[in-house]
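Source file: work_3.cif (mmCIF, C-alpha atoms (C1' of nucleotides))
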```cif
data_input
#
loop_
_atom_site.label_atom_id
_atom_site.label_comp_id
_atom_site.auth_asym_id
_atom_site.auth_seq_id
_atom_site.Cartn_x
_atom_site.Cartn_y
_atom_site.Cartn_z
CA MET Y 1 71.39 117.44 97.98
CA LYS Y 2 71.43 121.15 97.16
CA LYS Y 3 74.38 120.64 94.87
CA THR Y 4 72.62 117.89 92.96
CA ILE Y 5 69.60 120.13 92.32
CA PHE Y 6 71.92 122.95 91.29
CA VAL Y 7 73.84 120.75 88.85
CA PHE Y 8 70.70 119.31 87.26
CA SER Y 9 69.22 122.79 86.87
CA GLY Y 10 72.44 123.75 85.12
CA ILE Y 11 72.16 120.81 82.75
CA ILE Y 12 68.57 121.69 81.83
CA ILE Y 13 69.42 125.35 81.25
CA ALA Y 14 72.44 124.39 79.16
CA LEU Y 15 70.31 122.06 77.07
CA LEU Y 16 67.69 124.74 76.41
CA VAL Y 17 70.34 127.30 75.50
CA LEU Y 18 71.96 124.87 73.08
CA PHE Y 19 68.67 123.98 71.42
CA GLN Y 20 67.81 127.62 70.89
CA LEU Y 21 71.30 128.38 69.65
CA SER Y 22 71.20 125.51 67.18
CA LYS Y 23 67.81 126.56 65.82
CA TYR Y 24 68.78 130.21 65.53
CA SER Y 25 72.15 129.50 63.98
CA TYR Y 26 70.73 127.13 61.44
CA ALA Y 27 68.00 129.52 60.44
CA THR Y 28 70.41 132.42 59.97
CA GLY Y 29 73.14 130.26 58.55
CA ASP Y 30 75.82 131.88 60.68
CA LEU Y 31 77.17 128.61 61.99
CA SER Y 32 77.39 125.30 60.24
CA ILE Y 33 75.75 122.27 61.83
CA GLU Y 34 79.13 120.61 62.35
CA ILE Y 35 80.41 123.43 64.54
CA ILE Y 36 77.26 123.40 66.64
CA ILE Y 37 77.55 119.67 67.17
CA ALA Y 38 81.23 120.03 68.04
CA ILE Y 39 80.45 122.71 70.63
CA ILE Y 40 77.74 120.54 72.14
CA ALA Y 41 80.00 117.51 72.20
CA ILE Y 42 82.86 119.35 73.92
CA SER Y 43 80.48 121.01 76.39
CA PHE Y 44 78.93 117.74 77.48
CA LEU Y 45 82.28 116.00 77.57
CA CYS Y 46 83.48 118.63 80.05
CA LEU Y 47 80.21 118.40 81.96
CA GLY Y 48 80.63 114.62 82.27
CA ILE Y 49 84.18 114.99 83.57
CA TYR Y 50 83.05 117.68 86.02
CA LEU Y 51 80.13 115.66 87.36
CA ASN Y 52 82.26 112.58 87.84
CA LYS Y 53 84.98 114.50 89.62
CA LYS Y 54 82.45 115.99 92.02
CA SER Y 55 80.86 112.65 92.86
CA LEU Y 56 84.18 110.89 93.36
CA HIS Y 57 85.58 113.65 95.50
CA ARG Y 58 82.57 113.40 97.74
CA THR Y 59 82.78 109.63 98.20
CA SER Y 60 86.48 108.82 98.34
CA PRO Y 61 87.59 111.02 101.24
CA GLN Y 62 84.63 109.77 103.28
CA VAL Y 63 86.40 106.43 103.53
CA ASP Y 64 89.27 107.71 105.65
CA GLU Y 65 87.26 110.22 107.61
CA ILE Y 66 87.70 110.20 111.37
CA ASN Y 67 84.92 108.43 113.19
CA LEU Y 68 84.17 110.72 116.13
CA GLU Y 69 81.35 108.55 117.46
CA LYS Y 70 83.67 105.58 117.80
CA ILE Y 71 86.10 107.62 119.85
CA GLU Y 72 83.36 108.44 122.31
CA LYS Y 73 82.04 104.90 122.29
CA LEU Y 74 85.48 103.67 123.35
CA GLY Y 75 85.54 106.24 126.15
CA ILE Y 76 88.65 107.97 124.85
CA SER Y 77 88.97 111.48 126.31
CA LYS Y 78 90.22 114.58 124.50
CA ARG Y 79 93.65 114.45 126.07
CA GLU Y 80 94.00 110.73 125.52
CA TYR Y 81 93.16 111.25 121.87
CA GLU Y 82 95.82 113.93 121.53
CA VAL Y 83 98.33 111.45 122.93
CA LEU Y 84 97.12 108.76 120.53
CA VAL Y 85 97.70 111.05 117.56
CA GLU Y 86 101.24 111.81 118.70
CA ILE Y 87 101.94 108.12 119.23
CA SER Y 88 100.87 107.42 115.67
CA LYS Y 89 103.31 110.07 114.47
CA GLY Y 90 106.09 108.01 116.03
CA LEU Y 91 106.92 110.18 119.02
CA SER Y 92 108.28 108.78 122.30
CA ASN Y 93 106.57 109.39 125.63
CA LYS Y 94 109.18 112.00 126.50
CA GLU Y 95 108.66 113.83 123.21
CA ILE Y 96 104.89 113.80 123.62
CA ALA Y 97 105.29 115.12 127.17
CA GLU Y 98 107.36 118.05 125.92
CA LYS Y 99 104.94 118.77 123.10
CA LEU Y 100 101.89 118.79 125.38
CA PHE Y 101 103.69 120.53 128.28
CA VAL Y 102 103.20 117.78 130.84
CA THR Y 103 105.48 115.20 132.47
CA GLU Y 104 106.37 111.85 130.96
CA SER Y 105 104.57 110.27 133.91
CA THR Y 106 101.31 111.81 132.76
CA ILE Y 107 101.79 110.53 129.23
CA LYS Y 108 102.43 107.05 130.58
CA THR Y 109 99.11 107.19 132.39
CA HIS Y 110 97.33 108.30 129.22
CA VAL Y 111 99.04 105.61 127.17
CA SER Y 112 98.13 102.90 129.65
CA ASN Y 113 94.50 104.01 129.55
CA LEU Y 114 94.58 104.09 125.75
CA LEU Y 115 95.96 100.57 125.55
CA VAL Y 116 93.10 99.27 127.71
CA LYS Y 117 90.49 101.19 125.71
CA LEU Y 118 91.91 100.04 122.38
CA ASP Y 119 92.40 96.50 123.69
CA SER Y 120 96.10 96.55 122.81
CA LYS Y 121 99.29 95.36 124.45
CA ARG Y 122 101.65 97.78 122.72
CA ARG Y 123 101.52 101.24 121.24
CA THR Y 124 102.22 99.84 117.78
CA GLN Y 125 99.17 97.62 118.09
CA ALA Y 126 97.16 100.60 119.30
CA ILE Y 127 98.15 102.53 116.17
CA GLN Y 128 97.01 99.65 113.97
CA LYS Y 129 93.69 99.29 115.80
CA ALA Y 130 93.04 103.03 115.77
CA LYS Y 131 93.55 103.08 112.02
CA GLU Y 132 91.28 100.09 111.51
CA LEU Y 133 88.59 101.82 113.53
CA HIS Y 134 89.12 105.03 111.51
CA ILE Y 135 89.63 107.10 114.62
CA ILE Y 136 92.97 108.41 113.31
CA SER Y 137 94.08 109.28 109.79
CA THR Y 138 96.08 106.76 107.81
CA MET W 1 99.94 105.01 76.75
CA LYS W 2 98.20 102.39 74.61
CA LYS W 3 94.92 103.06 76.38
CA THR W 4 95.22 106.80 75.75
CA ILE W 5 95.72 106.23 72.00
CA PHE W 6 92.83 103.78 71.98
CA VAL W 7 90.49 106.19 73.74
CA PHE W 8 91.40 109.11 71.49
CA SER W 9 90.94 106.96 68.39
CA GLY W 10 87.51 106.07 69.73
CA ILE W 11 86.64 109.73 70.21
CA ILE W 12 87.67 110.60 66.62
CA ILE W 13 85.70 107.69 65.17
CA ALA W 14 82.65 108.59 67.26
CA LEU W 15 82.87 112.18 66.04
CA LEU W 16 83.05 111.15 62.39
CA VAL W 17 80.13 108.75 62.76
CA LEU W 18 78.05 111.44 64.41
CA PHE W 19 78.83 113.96 61.70
CA GLN W 20 77.88 111.56 58.97
CA LEU W 21 74.75 110.53 60.84
CA SER W 22 73.70 114.13 61.33
CA LYS W 23 74.21 114.98 57.66
CA TYR W 24 72.40 111.89 56.44
CA SER W 25 69.54 112.23 58.89
CA TYR W 26 68.99 115.88 58.09
CA ALA W 27 69.03 115.24 54.34
CA THR W 28 66.52 112.42 54.57
CA GLY W 29 64.52 114.08 57.29
CA ASP W 30 64.26 110.91 59.34
CA LEU W 31 65.46 112.50 62.55
CA SER W 32 64.93 115.99 63.79
CA ILE W 33 67.97 118.11 64.63
CA GLU W 34 66.97 118.24 68.30
CA ILE W 35 67.11 114.47 68.68
CA ILE W 36 70.52 114.31 67.02
CA ILE W 37 71.84 116.97 69.34
CA ALA W 38 70.35 115.20 72.35
CA ILE W 39 72.02 111.92 71.35
CA ILE W 40 75.34 113.67 70.90
CA ALA W 41 74.99 115.45 74.24
CA ILE W 42 74.20 112.26 76.14
CA SER W 43 76.95 110.32 74.34
CA PHE W 44 79.60 112.85 75.22
CA LEU W 45 78.32 113.23 78.76
CA CYS W 46 78.80 109.49 79.24
CA LEU W 47 82.18 109.65 77.51
CA GLY W 48 83.29 112.40 79.89
CA ILE W 49 82.19 110.40 82.92
CA TYR W 50 83.92 107.29 81.57
CA LEU W 51 87.18 109.08 80.82
CA ASN W 52 87.27 110.69 84.23
CA LYS W 53 86.57 107.42 86.00
CA LYS W 54 89.39 105.74 84.13
CA SER W 55 91.89 108.45 84.89
CA LEU W 56 90.96 108.62 88.56
CA HIS W 57 91.02 104.88 88.99
CA ARG W 58 94.45 104.81 87.48
CA THR W 59 95.86 107.55 89.71
CA SER W 60 94.23 106.95 93.10
CA PRO W 61 95.35 103.34 93.74
CA GLN W 62 98.84 104.26 92.56
CA VAL W 63 99.15 106.45 95.62
CA ASP W 64 99.15 103.58 98.10
CA GLU W 65 101.05 101.15 95.91
CA ILE W 66 104.21 99.71 97.38
CA ASN W 67 107.34 101.33 96.03
CA LEU W 68 109.72 98.42 95.49
CA GLU W 69 112.49 100.59 94.11
CA LYS W 70 112.59 102.67 97.27
CA ILE W 71 113.00 99.53 99.39
CA GLU W 72 116.07 98.58 97.39
CA LYS W 73 117.40 102.12 97.42
CA LEU W 74 117.27 102.09 101.23
CA GLY W 75 119.14 98.78 101.25
CA ILE W 76 116.36 96.94 103.06
CA SER W 77 116.72 93.17 102.60
CA LYS W 78 113.89 90.66 102.12
CA ARG W 79 113.97 89.46 105.68
CA GLU W 80 114.21 92.95 107.09
CA TYR W 81 111.19 93.93 105.05
CA GLU W 82 109.22 90.99 106.41
CA VAL W 83 110.05 92.19 109.91
CA LEU W 84 109.02 95.73 109.01
CA VAL W 85 105.62 94.53 107.86
CA GLU W 86 105.07 92.63 111.11
CA ILE W 87 106.13 95.65 113.14
CA SER W 88 103.55 97.76 111.33
CA LYS W 89 100.90 95.19 112.26
CA GLY W 90 101.69 95.90 115.91
CA LEU W 91 103.53 92.72 116.82
CA SER W 92 106.25 92.56 119.49
CA ASN W 93 109.74 91.25 118.76
CA LYS W 94 108.88 87.99 120.48
CA GLU W 95 105.73 87.54 118.41
CA ILE W 96 107.56 88.31 115.18
CA ALA W 97 110.25 85.80 116.16
CA GLU W 98 107.64 83.07 116.62
CA LYS W 99 105.91 83.94 113.38
CA LEU W 100 109.11 83.84 111.34
CA PHE W 101 110.59 80.85 113.23
CA VAL W 102 113.71 82.60 114.50
CA THR W 103 114.87 83.86 117.89
CA GLU W 104 113.99 87.22 119.37
CA SER W 105 117.67 88.08 119.16
CA THR W 106 117.54 87.82 115.38
CA ILE W 107 114.51 90.06 115.21
CA LYS W 108 116.29 92.63 117.36
CA THR W 109 119.16 92.66 114.90
CA HIS W 110 116.78 93.15 111.98
CA VAL W 111 114.90 95.90 113.81
CA SER W 112 118.11 97.73 114.66
CA ASN W 113 119.18 97.61 111.02
CA LEU W 114 115.75 98.79 109.91
CA LEU W 115 115.86 101.76 112.28
CA VAL W 116 119.18 102.87 110.82
CA LYS W 117 117.99 102.41 107.24
CA LEU W 118 114.74 104.25 107.90
CA ASP W 119 116.54 106.92 109.92
CA SER W 120 114.30 106.33 112.92
CA LYS W 121 114.78 106.13 116.67
CA ARG W 122 111.76 103.97 117.44
CA ARG W 123 109.69 101.33 115.69
CA THR W 124 106.66 103.63 115.75
CA GLN W 125 108.66 106.27 113.88
CA ALA W 126 109.82 103.59 111.44
CA ILE W 127 106.18 102.67 110.72
CA GLN W 128 105.36 106.31 110.01
CA LYS W 129 108.37 106.77 107.73
CA ALA W 130 107.74 103.53 105.88
CA LYS W 131 104.18 104.65 105.19
CA GLU W 132 105.32 108.07 104.05
CA LEU W 133 107.77 106.43 101.65
CA HIS W 134 105.02 104.08 100.44
CA ILE W 135 107.09 101.01 101.12
CA ILE W 136 104.31 99.48 103.26
CA SER W 137 100.55 99.63 102.87
CA THR W 138 98.57 102.14 104.91
"C1'" DA N 1 77.77 121.93 147.40
"C1'" DA N 2 78.35 117.08 146.21
"C1'" DT N 3 79.47 113.89 142.33
"C1'" DG N 4 81.80 111.81 138.67
"C1'" DA N 5 85.02 112.26 135.04
"C1'" DT N 6 89.30 114.29 133.52
"C1'" DT N 7 93.88 115.62 133.90
"C1'" DT N 8 97.79 115.70 136.23
"C1'" DA N 9 101.72 113.52 138.75
"C1'" DG N 10 104.20 110.46 141.59
"C1'" DT N 11 106.75 105.85 143.11
"C1'" DA N 12 108.19 101.33 142.34
"C1'" DC N 13 108.29 97.82 139.53
"C1'" DT N 14 108.39 94.52 135.27
"C1'" DT N 15 108.67 94.03 130.54
"C1'" DT N 16 109.93 95.24 126.04
"C1'" DA N 17 112.82 97.68 122.92
"C1'" DG N 18 117.02 98.95 121.20
"C1'" DT N 19 122.53 99.16 121.06
"C1'" DA N 20 127.01 97.31 120.53
"C1'" DT N 21 129.71 93.72 119.43
"C1'" DG N 22 131.20 89.39 117.89
"C1'" DA N 23 130.65 85.33 115.33
"C1'" DA N 24 128.94 81.34 112.59
"C1'" DT N 25 126.51 79.76 108.40
"C1'" DA N 26 124.75 80.12 103.82
"C1'" DC N 27 124.45 81.80 99.36
"C1'" DA N 28 125.47 84.46 94.89
"C1'" DG N 29 128.48 86.39 91.84
"C1'" DT N 30 133.27 86.99 90.21
"C1'" DA L 1 138.14 79.41 95.60
"C1'" DC L 2 137.26 84.03 97.20
"C1'" DT L 3 134.29 88.03 98.43
"C1'" DG L 4 130.49 90.41 99.87
"C1'" DT L 5 126.00 90.20 101.61
"C1'" DA L 6 122.29 88.19 104.13
"C1'" DT L 7 120.73 85.65 107.85
"C1'" DT L 8 121.19 83.77 112.03
"C1'" DC L 9 122.25 83.84 117.13
"C1'" DA L 10 124.41 85.19 121.47
"C1'" DT L 11 125.80 88.22 125.47
"C1'" DA L 12 125.66 92.29 128.02
"C1'" DC L 13 124.09 96.43 128.41
"C1'" DT L 14 121.06 100.90 128.37
"C1'" DA L 15 116.81 103.07 127.31
"C1'" DA L 16 112.10 103.16 126.72
"C1'" DA L 17 107.63 101.38 127.47
"C1'" DG L 18 104.17 99.76 130.22
"C1'" DT L 19 101.76 98.25 134.93
"C1'" DA L 20 99.85 99.05 139.29
"C1'" DC L 21 98.87 101.53 142.37
"C1'" DT L 22 97.85 106.28 144.95
"C1'" DA L 23 96.44 110.93 145.00
"C1'" DA L 24 95.60 115.84 144.21
"C1'" DA L 25 93.56 119.51 141.40
"C1'" DT L 26 90.21 120.85 137.89
"C1'" DC L 27 85.74 121.10 135.86
"C1'" DA L 28 81.20 120.44 134.27
"C1'" DT L 29 76.65 118.80 135.97
"C1'" DT L 30 72.96 117.99 138.73
#
```

Mind turning this structure into structure tokens?
Amino acid sequence: MKKTIFVFSGIIIALLVLFQLSKYSYATGDLSIEIIIAIIAISFLCLGIYLNKKSLHRTSPQVDEINLEKIEKLGISKREYEVLVEISKGLSNKEIAEKLFVTESTIKTHVSNLLVKLDSKRRTQAIQKAKELHIIST
Amino acid sequence: MKKTIFVFSGIIIALLVLFQLSKYSYATGDLSIEIIIAIIAISFLCLGIYLNKKSLHRTSPQVDEINLEKIEKLGISKREYEVLVEISKGLSNKEIAEKLFVTESTIKTHVSNLLVKLDSKRRTQAIQKAKELHIIST
DNA sequence: AATGATTTAGTACTTTAGTATGAATACAGT
DNA sequence: ACTGTATTCATACTAAAGTACTAAATCATT
């Protein structure tokens, strides 16, 4: 919102500056009309590219953003989520246990709970579901 | 390549037309200089947006395009690749066997070969690697 | 202080995954 | 016809994953 206002203010100011510049330059004869037009053309070309880049960068990463609400809605706890992330990285239960400083038994408990909460029979299916639900990054 | 040449040709033609228009209009006094500048500004703003959209649309879907060359380079066969895709969907060996009308034993052979070729210890790790290498869709 | 959820961990068990090896069939290119 | 590769399947095995309990410690909340 704030950015949009800022950008549009910039456009208006730029327009005014260019109009004044064109009038002044023509009156004094310092710059030819072709050069003024060229400057305007290049400026607005760049402005167009800039505006488009901004708008696309704001919309495209939103698609694969992590949906925190869905994680809560599924009743997945902090620790369970940590385990889910490690599973998706391709780690074994033993490796996850070592990484999180707990026993493999604990990880198995977390995994079992995750499978119920994600309605999956296997960890591979859980990965797929978690990605579909946008609760982990692709 | 062809598109780039086409677009640049368009830009040059547009520039020439605008120059001629500006000269003619000023000489005849039909259009004020401000209106000409405004038209040029808007035109190039749109051109900038268009160019940026084209370039981004060409680069962003390329990222998650399947790299067929890499599949061959890794020595992954057609059938093995089919199995890999099913693994990434979260299916078990038995389920894949039923889907592809072969025995579970066959799937196990394919999976073992895949793990070697993808330098992985587990199917979950194979999924991760395959996605990193862009040989399967995210 | 009692309550409910979380995290941890264990045992005992079943199921699935993965390895190693051998072997038959089919198919493509030389 | 021969060769290499792909595909299929089997057996026997080990390893990993997952289930079904039980239970203790922690922690925030009312």

Please, which residues in chain W fall within 12 Å of chain N when counting all atoms listed in the file, and what is the closest atom pair and distance in Å to one decimal for each, ordered by chain then residue number, as a tab-separated table?
```
residue	atom	partner	partner_atom	distance
W:Leu91	CA	N:DT16	C1'	11.5
W:Ser92	CA	N:DT16	C1'	8.0
W:Asn93	CA	N:DA17	C1'	8.3
W:Lys94	CA	N:DT16	C1'	9.2
W:Glu95	CA	N:DT16	C1'	11.6
W:Glu104	CA	N:DA17	C1'	11.1
W:Ser105	CA	N:DG18	C1'	11.1
W:Ile107	CA	N:DA17	C1'	11.0
W:Lys108	CA	N:DG18	C1'	7.4
W:Thr109	CA	N:DG18	C1'	9.2
W:His110	CA	N:DG18	C1'	10.9
W:Val111	CA	N:DG18	C1'	8.3
W:Ser112	CA	N:DG18	C1'	6.7
W:Asn113	CA	N:DG18	C1'	10.5
W:Leu114	CA	N:DG18	C1'	11.4
W:Leu115	CA	N:DG18	C1'	9.4
W:Val116	CA	N:DG18	C1'	11.3
W:Ser120	CA	N:DG18	C1'	11.4
W:Lys121	CA	N:DG18	C1'	8.8
W:Arg122	CA	N:DG18	C1'	8.2
W:Arg123	CA	N:DA17	C1'	8.7
W:Thr124	CA	N:DA17	C1'	11.2
```

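Rounded to one decimal, atom C1' of L:DC21 and atom CA of Y:Tyr81 lie 23.4 Å from each other.
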
Picked residues, the PyMOL selection byres ((chain L) within 9 of (chain Y)), expected as a PyMOL selection string: chain L and resi 16-19

Show which residues sit within 10 Å of stretch 71-74 of chain W, as an mmCIF file with C-alpha atoms, keeping the file's coordinate frame. Count all atoms listed in the file, and ignore same-chain residues fewer than 5 positions away.
```cif
data_model
loop_
_atom_site.group_PDB
_atom_site.id
_atom_site.type_symbol
_atom_site.label_atom_id
_atom_site.label_comp_id
_atom_site.auth_asym_id
_atom_site.auth_seq_id
_atom_site.Cartn_x
_atom_site.Cartn_y
_atom_site.Cartn_z
ATOM 1 C CA ILE W 66 104.210 99.710 97.380
ATOM 2 C CA TYR W 81 111.190 93.930 105.050
ATOM 3 C CA LEU W 114 115.750 98.790 109.910
ATOM 4 C CA VAL W 116 119.180 102.870 110.820
ATOM 5 C CA LYS W 117 117.990 102.410 107.240
ATOM 6 C CA LEU W 118 114.740 104.250 107.900
ATOM 7 C CA ASP W 119 116.540 106.920 109.920
ATOM 8 C CA ALA W 130 107.740 103.530 105.880
ATOM 9 C CA LEU W 133 107.770 106.430 101.650
ATOM 10 C CA HIS W 134 105.020 104.080 100.440
ATOM 11 C CA ILE W 135 107.090 101.010 101.120
ATOM 12 C CA ILE W 136 104.310 99.480 103.260
#
```

Could you tell me how far atom CA of W:Thr103 lies from atom CA of W:Gln128, in Å and to one decimal?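 Answer for the atom CA of W:Thr103 to atom CA of W:Gln128 separation: 25.6 Å.
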
Interatomic distance between atom CA of W:Ile127 and atom CA of W:Ser88? 5.6 Å

Under the rule that only C-alpha atoms are counted, which of W:Ser43, W:Ser77, W:Ser137, W:Gln125 is the nearest residue to chain Y?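 Looking at the shortest contact to chain Y, the residue is W:Gln125.
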
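Residue nearest chain W, chosen from Y:Glu69, Y:Thr106, Y:Lys78, Y:Ile42 and counting all atoms listed in the file: Y:Ile42.
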
Go through Y:Ala126, Y:Ala38, Y:Lys99, Y:Gly90 one by one, measure the shortest atom-to-atom distance of each to chain W using all atoms listed in the file, and give the residue with the smallest value.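 Result for the nearest residue to chain W: Y:Gly90.
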
Nearest to chain W by atom-to-atom distance, counting only C-alpha atoms, from Y:Ile39, Y:Glu98, Y:Lys89, Y:Glu65: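 Closest to chain W of all the choices is Y:Lys89.
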